[in-house]
>>> print(open('input-v4.pdb').read())   # PDB, C-alpha atoms
ATOM      1  CA  ALA W  11      95.131  99.253  97.605  1.00  0.00           C
ATOM      2  CA  ALA W  12      93.539  99.999 100.939  1.00  0.00           C
ATOM      3  CA  VAL W  13      96.489  98.496 102.808  1.00  0.00           C
ATOM      4  CA  SER W  14     100.009  98.122 101.437  1.00  0.00           C
ATOM      5  CA  GLY W  15     103.280  97.109 103.015  1.00  0.00           C
ATOM      6  CA  GLY W  16     106.110  99.466 103.736  1.00  0.00           C
ATOM      7  CA  PRO W  17     109.630  99.301 105.136  1.00  0.00           C
ATOM      8  CA  GLY W  18     109.980  97.085 108.202  1.00  0.00           C
ATOM      9  CA  GLY W  19     106.463  95.676 107.835  1.00  0.00           C
ATOM     10  CA  THR W  20     104.728  99.032 108.348  1.00  0.00           C
ATOM     11  CA  ALA W  21     101.271  99.175 106.798  1.00  0.00           C
ATOM     12  CA  HIS W  22     100.443 102.209 104.678  1.00  0.00           C
ATOM     13  CA  VAL W  23      96.666 102.529 104.438  1.00  0.00           C
ATOM     14  CA  LEU W  24      94.164 104.544 102.414  1.00  0.00           C
ATOM     15  CA  GLN W  25      96.835 105.613  99.943  1.00  0.00           C
ATOM     16  CA  PRO W  26      95.843 106.991  96.515  1.00  0.00           C
ATOM     17  CA  THR W  27      95.646 104.389  93.750  1.00  0.00           C
ATOM     18  CA  ALA W  28      95.736 105.013  90.020  1.00  0.00           C
ATOM     19  CA  SER W  29      92.529 104.203  88.116  1.00  0.00           C
ATOM     20  CA  TRP W  30      91.750 104.057  84.425  1.00  0.00           C
ATOM     21  CA  SER W  31      88.844 103.361  82.122  1.00  0.00           C
ATOM     22  CA  PRO W  32      89.168 102.542  78.404  1.00  0.00           C
ATOM     23  CA  LEU W  33      87.369 104.411  75.643  1.00  0.00           C
ATOM     24  CA  PRO W  34      86.361 103.149  72.186  1.00  0.00           C
ATOM     25  CA  GLY W  35      89.130 103.619  69.647  1.00  0.00           C
ATOM     26  CA  GLY W  36      91.877 102.963  72.161  1.00  0.00           C
ATOM     27  CA  GLY W  37      91.578 106.108  74.250  1.00  0.00           C
ATOM     28  CA  VAL W  38      91.644 106.091  78.029  1.00  0.00           C
ATOM     29  CA  TRP W  39      90.679 108.157  81.085  1.00  0.00           C
ATOM     30  CA  LEU W  40      93.400 108.089  83.764  1.00  0.00           C
ATOM     31  CA  THR W  41      93.835 109.440  87.314  1.00  0.00           C
ATOM     32  CA  ASP W  42      96.552 108.940  89.922  1.00  0.00           C
ATOM     33  CA  GLY W  43      94.046 109.168  92.793  1.00  0.00           C
ATOM     34  CA  ALA W  44      96.146 111.672  94.742  1.00  0.00           C
ATOM     35  CA  THR W  45      94.550 114.748  93.187  1.00  0.00           C
ATOM     36  CA  TYR W  46      91.180 115.249  91.553  1.00  0.00           C
ATOM     37  CA  GLU W  47      92.626 115.379  88.080  1.00  0.00           C
ATOM     38  CA  VAL W  48      91.374 113.025  85.388  1.00  0.00           C
ATOM     39  CA  ARG W  49      93.217 113.020  82.076  1.00  0.00           C
ATOM     40  CA  ARG W  50      91.786 111.826  78.766  1.00  0.00           C
ATOM     41  CA  TYR W  51      94.212 110.391  76.230  1.00  0.00           C
ATOM     42  CA  ASP W  52      93.348 109.403  72.675  1.00  0.00           C
ATOM     43  CA  GLY W  53      94.301 106.110  71.023  1.00  0.00           C
ATOM     44  CA  GLU W  54      97.699 107.527  70.031  1.00  0.00           C
ATOM     45  CA  GLY W  55      98.550 108.534  73.610  1.00  0.00           C
ATOM     46  CA  ALA W  56      98.027 112.281  73.092  1.00  0.00           C
ATOM     47  CA  LEU W  57      96.491 114.218  75.990  1.00  0.00           C
ATOM     48  CA  ARG W  58      93.052 115.516  74.893  1.00  0.00           C
ATOM     49  CA  SER W  59      91.486 116.973  78.043  1.00  0.00           C
ATOM     50  CA  ILE W  60      91.806 117.290  81.817  1.00  0.00           C
ATOM     51  CA  LEU W  61      88.982 117.379  84.375  1.00  0.00           C
ATOM     52  CA  ARG W  62      89.806 118.999  87.729  1.00  0.00           C
ATOM     53  CA  ARG W  63      87.835 119.680  90.908  1.00  0.00           C
ATOM     54  CA  PRO W  64      90.047 121.642  93.311  1.00  0.00           C
ATOM     55  CA  GLY W  65      89.393 121.481  97.030  1.00  0.00           C
ATOM     56  CA  SER W  66      87.753 118.067  96.866  1.00  0.00           C
ATOM     57  CA  ARG W  67      89.990 116.278  99.387  1.00  0.00           C
ATOM     58  CA  VAL W  68      88.406 114.906 102.578  1.00  0.00           C
ATOM     59  CA  ALA W  69      90.500 115.228 105.764  1.00  0.00           C
ATOM     60  CA  LEU W  70      91.205 111.879 107.383  1.00  0.00           C
ATOM     61  CA  THR W  71      89.937 112.387 110.933  1.00  0.00           C
ATOM     62  CA  GLU W  72      90.467 110.088 113.911  1.00  0.00           C
ATOM     63  CA  GLY W  73      86.808 109.065 113.620  1.00  0.00           C
ATOM     64  CA  LEU W  74      87.297 107.961 109.998  1.00  0.00           C
ATOM     65  CA  LYS W  75      90.486 106.085 110.938  1.00  0.00           C
ATOM     66  CA  THR W  76      88.628 104.252 113.707  1.00  0.00           C
ATOM     67  CA  ALA W  77      85.726 103.372 111.389  1.00  0.00           C
ATOM     68  CA  PHE W  78      88.194 102.098 108.774  1.00  0.00           C
ATOM     69  CA  ARG W  79      90.085  99.980 111.321  1.00  0.00           C
ATOM     70  CA  GLU W  80      86.854  98.481 112.618  1.00  0.00           C
ATOM     71  CA  SER W  81      85.479  97.672 109.146  1.00  0.00           C
ATOM     72  CA  LEU W  82      88.743  96.127 107.967  1.00  0.00           C
ATOM     73  CA  GLY W  83      89.231  94.221 111.227  1.00  0.00           C
ATOM     74  CA  ALA W  84      85.727  92.779 110.958  1.00  0.00           C
ATOM     75  CA  ALA W  85      86.248  91.892 107.286  1.00  0.00           C
ATOM     76  CA  ALA W  86      89.603  90.229 108.039  1.00  0.00           C
ATOM     77  CA  ASP W  87      88.051  88.597 111.112  1.00  0.00           C
ATOM     78  CA  GLY W  88      91.065  88.938 113.270  1.00  0.00           C
ATOM     79  CA  PRO W  89      92.879  90.789 116.021  1.00  0.00           C
ATOM     80  CA  THR W  90      96.146  90.531 114.053  1.00  0.00           C
ATOM     81  CA  MET W  91      94.756  92.895 111.411  1.00  0.00           C
ATOM     82  CA  LEU W  92      93.510  95.321 114.073  1.00  0.00           C
ATOM     83  CA  ALA W  93      96.960  95.322 115.758  1.00  0.00           C
ATOM     84  CA  LEU W  94      98.614  96.025 112.406  1.00  0.00           C
ATOM     85  CA  LEU W  95      96.200  98.873 111.690  1.00  0.00           C
ATOM     86  CA  GLU W  96      96.872 100.474 115.095  1.00  0.00           C
ATOM     87  CA  LYS W  97     100.503 101.017 113.974  1.00  0.00           C
ATOM     88  CA  ALA W  98      99.632 101.925 110.380  1.00  0.00           C
ATOM     89  CA  VAL W  99     100.760 105.053 108.569  1.00  0.00           C
ATOM     90  CA  TYR W 100      97.793 107.129 107.373  1.00  0.00           C
ATOM     91  CA  PRO W 101      97.787 110.048 104.927  1.00  0.00           C
ATOM     92  CA  ASP W 102      96.382 113.447 105.994  1.00  0.00           C
ATOM     93  CA  SER W 103      93.395 113.055 103.683  1.00  0.00           C
ATOM     94  CA  LEU W 104      91.495 110.396 101.792  1.00  0.00           C
ATOM     95  CA  PRO W 105      92.421 109.827  98.146  1.00  0.00           C
ATOM     96  CA  ALA W 106      90.806 112.448  95.922  1.00  0.00           C
ATOM     97  CA  THR W 107      89.559 109.860  93.416  1.00  0.00           C
ATOM     98  CA  THR W 108      88.814 106.190  94.034  1.00  0.00           C
ATOM     99  CA  GLY W 109      87.819 104.855  90.625  1.00  0.00           C
ATOM    100  CA  LEU W 110      86.747 105.681  87.065  1.00  0.00           C
ATOM    101  CA  TRP W 111      83.993 104.407  84.799  1.00  0.00           C
ATOM    102  CA  ALA W 112      83.460 105.615  81.230  1.00  0.00           C
ATOM    103  CA  VAL W 113      79.865 105.022  80.082  1.00  0.00           C
ATOM    104  CA  GLU W 114      79.568 104.413  76.370  1.00  0.00           C
ATOM    105  CA  PRO W 115      78.064 105.187  73.919  1.00  0.00           C
ATOM    106  CA  GLU W 116      76.800 108.246  75.853  1.00  0.00           C
ATOM    107  CA  GLY W 117      80.314 109.356  76.754  1.00  0.00           C
ATOM    108  CA  LEU W 118      79.547 110.052  80.424  1.00  0.00           C
ATOM    109  CA  LEU W 119      82.427 109.764  82.873  1.00  0.00           C
ATOM    110  CA  TRP W 120      81.853 108.589  86.448  1.00  0.00           C
ATOM    111  CA  VAL W 121      84.607 109.448  88.940  1.00  0.00           C
ATOM    112  CA  GLY W 122      84.616 107.668  92.299  1.00  0.00           C
ATOM    113  CA  VAL W 123      85.258 110.094  95.170  1.00  0.00           C
ATOM    114  CA  SER W 124      85.822 109.894  98.913  1.00  0.00           C
ATOM    115  CA  ASP W 125      82.839 111.072 100.933  1.00  0.00           C
ATOM    116  CA  ALA W 126      83.218 111.575 104.684  1.00  0.00           C
ATOM    117  CA  GLY W 127      79.452 111.431 105.080  1.00  0.00           C
ATOM    118  CA  LEU W 128      79.349 107.738 104.156  1.00  0.00           C
ATOM    119  CA  PRO W 129      81.147 104.804 105.810  1.00  0.00           C
ATOM    120  CA  LEU W 130      84.520 103.929 104.302  1.00  0.00           C
ATOM    121  CA  ARG W 131      84.331 100.840 102.129  1.00  0.00           C
ATOM    122  CA  LEU W 132      87.170  98.788 100.757  1.00  0.00           C
ATOM    123  CA  GLU W 133      85.595  97.159  97.726  1.00  0.00           C
ATOM    124  CA  ALA W 134      84.193 100.121  95.774  1.00  0.00           C
ATOM    125  CA  PRO W 135      83.640 103.873  95.931  1.00  0.00           C
ATOM    126  CA  ASN W 136      80.551 105.054  97.860  1.00  0.00           C
ATOM    127  CA  THR W 137      79.983 108.188  95.821  1.00  0.00           C
ATOM    128  CA  TRP W 138      80.481 109.124  92.174  1.00  0.00           C
ATOM    129  CA  ASP W 139      80.768 112.470  90.388  1.00  0.00           C
ATOM    130  CA  VAL W 140      79.251 112.337  86.904  1.00  0.00           C
ATOM    131  CA  PHE W 141      80.527 114.390  83.946  1.00  0.00           C
ATOM    132  CA  ALA W 142      79.068 114.955  80.478  1.00  0.00           C
ATOM    133  CA  PRO W 143      81.201 114.130  77.404  1.00  0.00           C
ATOM    134  CA  ASP W 144      82.193 117.819  77.140  1.00  0.00           C
ATOM    135  CA  GLY W 145      83.476 117.784  80.750  1.00  0.00           C
ATOM    136  CA  ALA W 146      80.485 119.604  82.270  1.00  0.00           C
ATOM    137  CA  TYR W 147      79.809 118.491  85.835  1.00  0.00           C
ATOM    138  CA  LEU W 148      76.368 116.838  86.079  1.00  0.00           C
ATOM    139  CA  GLY W 149      76.256 116.006  89.778  1.00  0.00           C
ATOM    140  CA  ARG W 150      77.131 113.624  92.589  1.00  0.00           C
ATOM    141  CA  LEU W 151      75.490 110.232  93.011  1.00  0.00           C
ATOM    142  CA  PRO W 152      75.747 108.057  96.149  1.00  0.00           C
ATOM    143  CA  ILE W 153      75.833 104.299  95.603  1.00  0.00           C
ATOM    144  CA  PRO W 154      73.790 102.065  97.939  1.00  0.00           C
ATOM    145  CA  LYS W 155      75.797 100.396 100.710  1.00  0.00           C
ATOM    146  CA  GLY W 156      77.049  96.960  99.729  1.00  0.00           C
ATOM    147  CA  LEU W 157      76.748  97.520  95.959  1.00  0.00           C
ATOM    148  CA  ARG W 158      79.764  96.909  93.723  1.00  0.00           C
ATOM    149  CA  PRO W 159      78.929  98.360  90.281  1.00  0.00           C
ATOM    150  CA  THR W 160      79.663  96.020  87.376  1.00  0.00           C
ATOM    151  CA  ARG W 161      78.033  98.069  84.584  1.00  0.00           C
ATOM    152  CA  ILE W 162      76.783 101.616  84.323  1.00  0.00           C
ATOM    153  CA  THR W 163      74.595 102.888  81.490  1.00  0.00           C
ATOM    154  CA  SER W 164      72.920 106.254  80.971  1.00  0.00           C
ATOM    155  CA  GLY W 165      69.799 104.972  82.749  1.00  0.00           C
ATOM    156  CA  TYR W 166      70.899 102.267  85.212  1.00  0.00           C
ATOM    157  CA  VAL W 167      73.615 101.086  87.573  1.00  0.00           C
ATOM    158  CA  TYR W 168      73.969  97.296  87.604  1.00  0.00           C
ATOM    159  CA  GLY W 169      75.986  95.534  90.239  1.00  0.00           C
ATOM    160  CA  VAL W 170      76.595  92.854  92.775  1.00  0.00           C
ATOM    161  CA  TRP W 171      75.110  93.585  96.182  1.00  0.00           C
ATOM    162  CA  LEU W 172      75.982  91.898  99.475  1.00  0.00           C
ATOM    163  CA  ASP W 173      73.259  91.855 102.101  1.00  0.00           C
ATOM    164  CA  GLU W 174      73.867  91.917 105.871  1.00  0.00           C
ATOM    165  CA  LEU W 175      74.459  88.121 105.804  1.00  0.00           C
ATOM    166  CA  GLU W 176      76.978  88.568 102.945  1.00  0.00           C
ATOM    167  CA  VAL W 177      74.702  86.786 100.470  1.00  0.00           C
ATOM    168  CA  THR W 178      75.338  87.968  96.898  1.00  0.00           C
ATOM    169  CA  HIS W 179      72.469  89.364  94.801  1.00  0.00           C
ATOM    170  CA  ALA W 180      72.314  90.977  91.353  1.00  0.00           C
ATOM    171  CA  ARG W 181      70.862  94.495  91.567  1.00  0.00           C
ATOM    172  CA  ARG W 182      69.773  97.185  89.144  1.00  0.00           C
ATOM    173  CA  TYR W 183      69.166 100.790  90.219  1.00  0.00           C
ATOM    174  CA  ARG W 184      67.516 103.336  87.951  1.00  0.00           C
ATOM    175  CA  ILE W 185      69.293 106.680  87.673  1.00  0.00           C
ATOM    176  CA  VAL W 186      66.900 109.529  88.354  1.00  0.00           C
ATOM    177  CA  ARG W 187      68.014 112.802  86.797  1.00  0.00           C
ATOM    178  CA  GLY W 188      67.154 116.212  88.177  1.00  0.00           C
ATOM    179  CA  GLU W 189      65.802 119.096  86.146  1.00  0.00           C
TER
END
>>> encode(input="input-v4.pdb", output="structure tokens")
Amino acid sequence: AAVSGGPGGTAHVLQPTASWSPLPGGGVWLTDGATYEVRRYDGEGALRSILRRPGSRVALTEGLKTAFRESLGAAADGPTMLALLEKAVYPDSLPATTGLWAVEPEGLLWVGVSDAGLPLRLEAPNTWDVFAPDGAYLGRLPIPKGLRPTRITSGYVYGVWLDELEVTHARRYRIVRGE
């Protein structure tokens, strides 16, 4: 969760959150969010592979904290939330991973990552790393602002998009692959 309670009503924000994505046959991809380590388990619960990207943590600067407080305060529409966030406990860096999406039948794995170059969003990752079924890194893909992916295929990202007036639209974006 972006904001969670702590002892004495202290808010702990931007903490790592576990994510998982099922695979056909009962397998699963799993990450704890704290480190960039994604584990693949088969249907019997046996560990089959691990994807790691060391050094991928983004330092949580005062500028990012301010942007987060402002976006959450505006979303919550209230000074109470802003006052709570002023006293919040923040980690030293953003979570290493922020979501997982296994694309079948192609076997691609999309890993949501923190990206300091894009505004912090609460509802979905801004940026995704894409891996081939064999674990080879294919590249990083930014997601358009306001889009919450609901389905990803080898050729398209489908999702719900909120415009500046918070009106919901269905969107489809074609994935353009480099050479």
>>> resolve_selection(input="input-v4.pdb", expression="the PyMOL selection byres ((chain W and resi 28) around 9)", output="count of residues only")
12
>>> atom_distance(input="input-v4.pdb", atom1="atom CA of Pro101 of chain W", atom2="atom CA of Leu74 of chain W")
11.8 Å
>>> atom_distance(input="input-v4.pdb", atom1="atom CA of Asp52 of chain W", atom2="atom CA of Leu151 of chain W")
27.1 Å
>>> closest_residue(input="input-v4.pdb", among="W:Ser81, W:Asn136, W:Thr45, W:Ser59", to="Gln25 of chain W", atoms="only C-alpha atoms")
W:Thr45
>>> residues_near_point(input="input-v4.pdb", point="(76.9, 105.8, 75.7)", cutoff="10 Å", atoms="all atoms listed in the file", output="MDAnalysis selection string")
chainID W and resid 112:119 143 162:164
>>> atom_distance(input="input-v4.pdb", atom1="atom CA of Gly149 of chain W", atom2="atom CA of Gly36 of chain W")
26.9 Å
>>> resolve_selection(input="input-v4.pdb", expression="the PyMOL selection byres ((chain W and resi 39) around 7)", output="NGL selection string")
:W and (30-32 or 38 or 40 or 48-51)
>>> resolve_selection(input="input-v4.pdb", expression="the PyMOL selection byres ((chain W and resi 160) around 10)", output="list in words")
Trp111, Leu157, Arg158, Pro159, Arg161, Ile162, Val167, Tyr168, Gly169, Val170, Ala180 and Arg181 of chain W
>>> closest_residue(input="input-v4.pdb", among="W:Lys155, W:Leu24, W:Val186, W:Arg62", to="Asp173 of chain W", atoms="all atoms listed in the file")
W:Lys155
>>> closest_residue(input="input-v4.pdb", among="W:Ile153, W:Leu33, W:Leu172, W:Leu104", to="Leu70 of chain W", atoms="all atoms listed in the file")
W:Leu104
>>> closest_residue(input="input-v4.pdb", among="W:Thr71, W:Ser124, W:Thr76, W:Thr137", to="Tyr46 of chain W", atoms="only C-alpha atoms")
W:Ser124
>>> closest_residue(input="input-v4.pdb", among="W:Gly122, W:Leu175, W:Ala98, W:His22", to="Arg150 of chain W", atoms="all atoms listed in the file")
W:Gly122
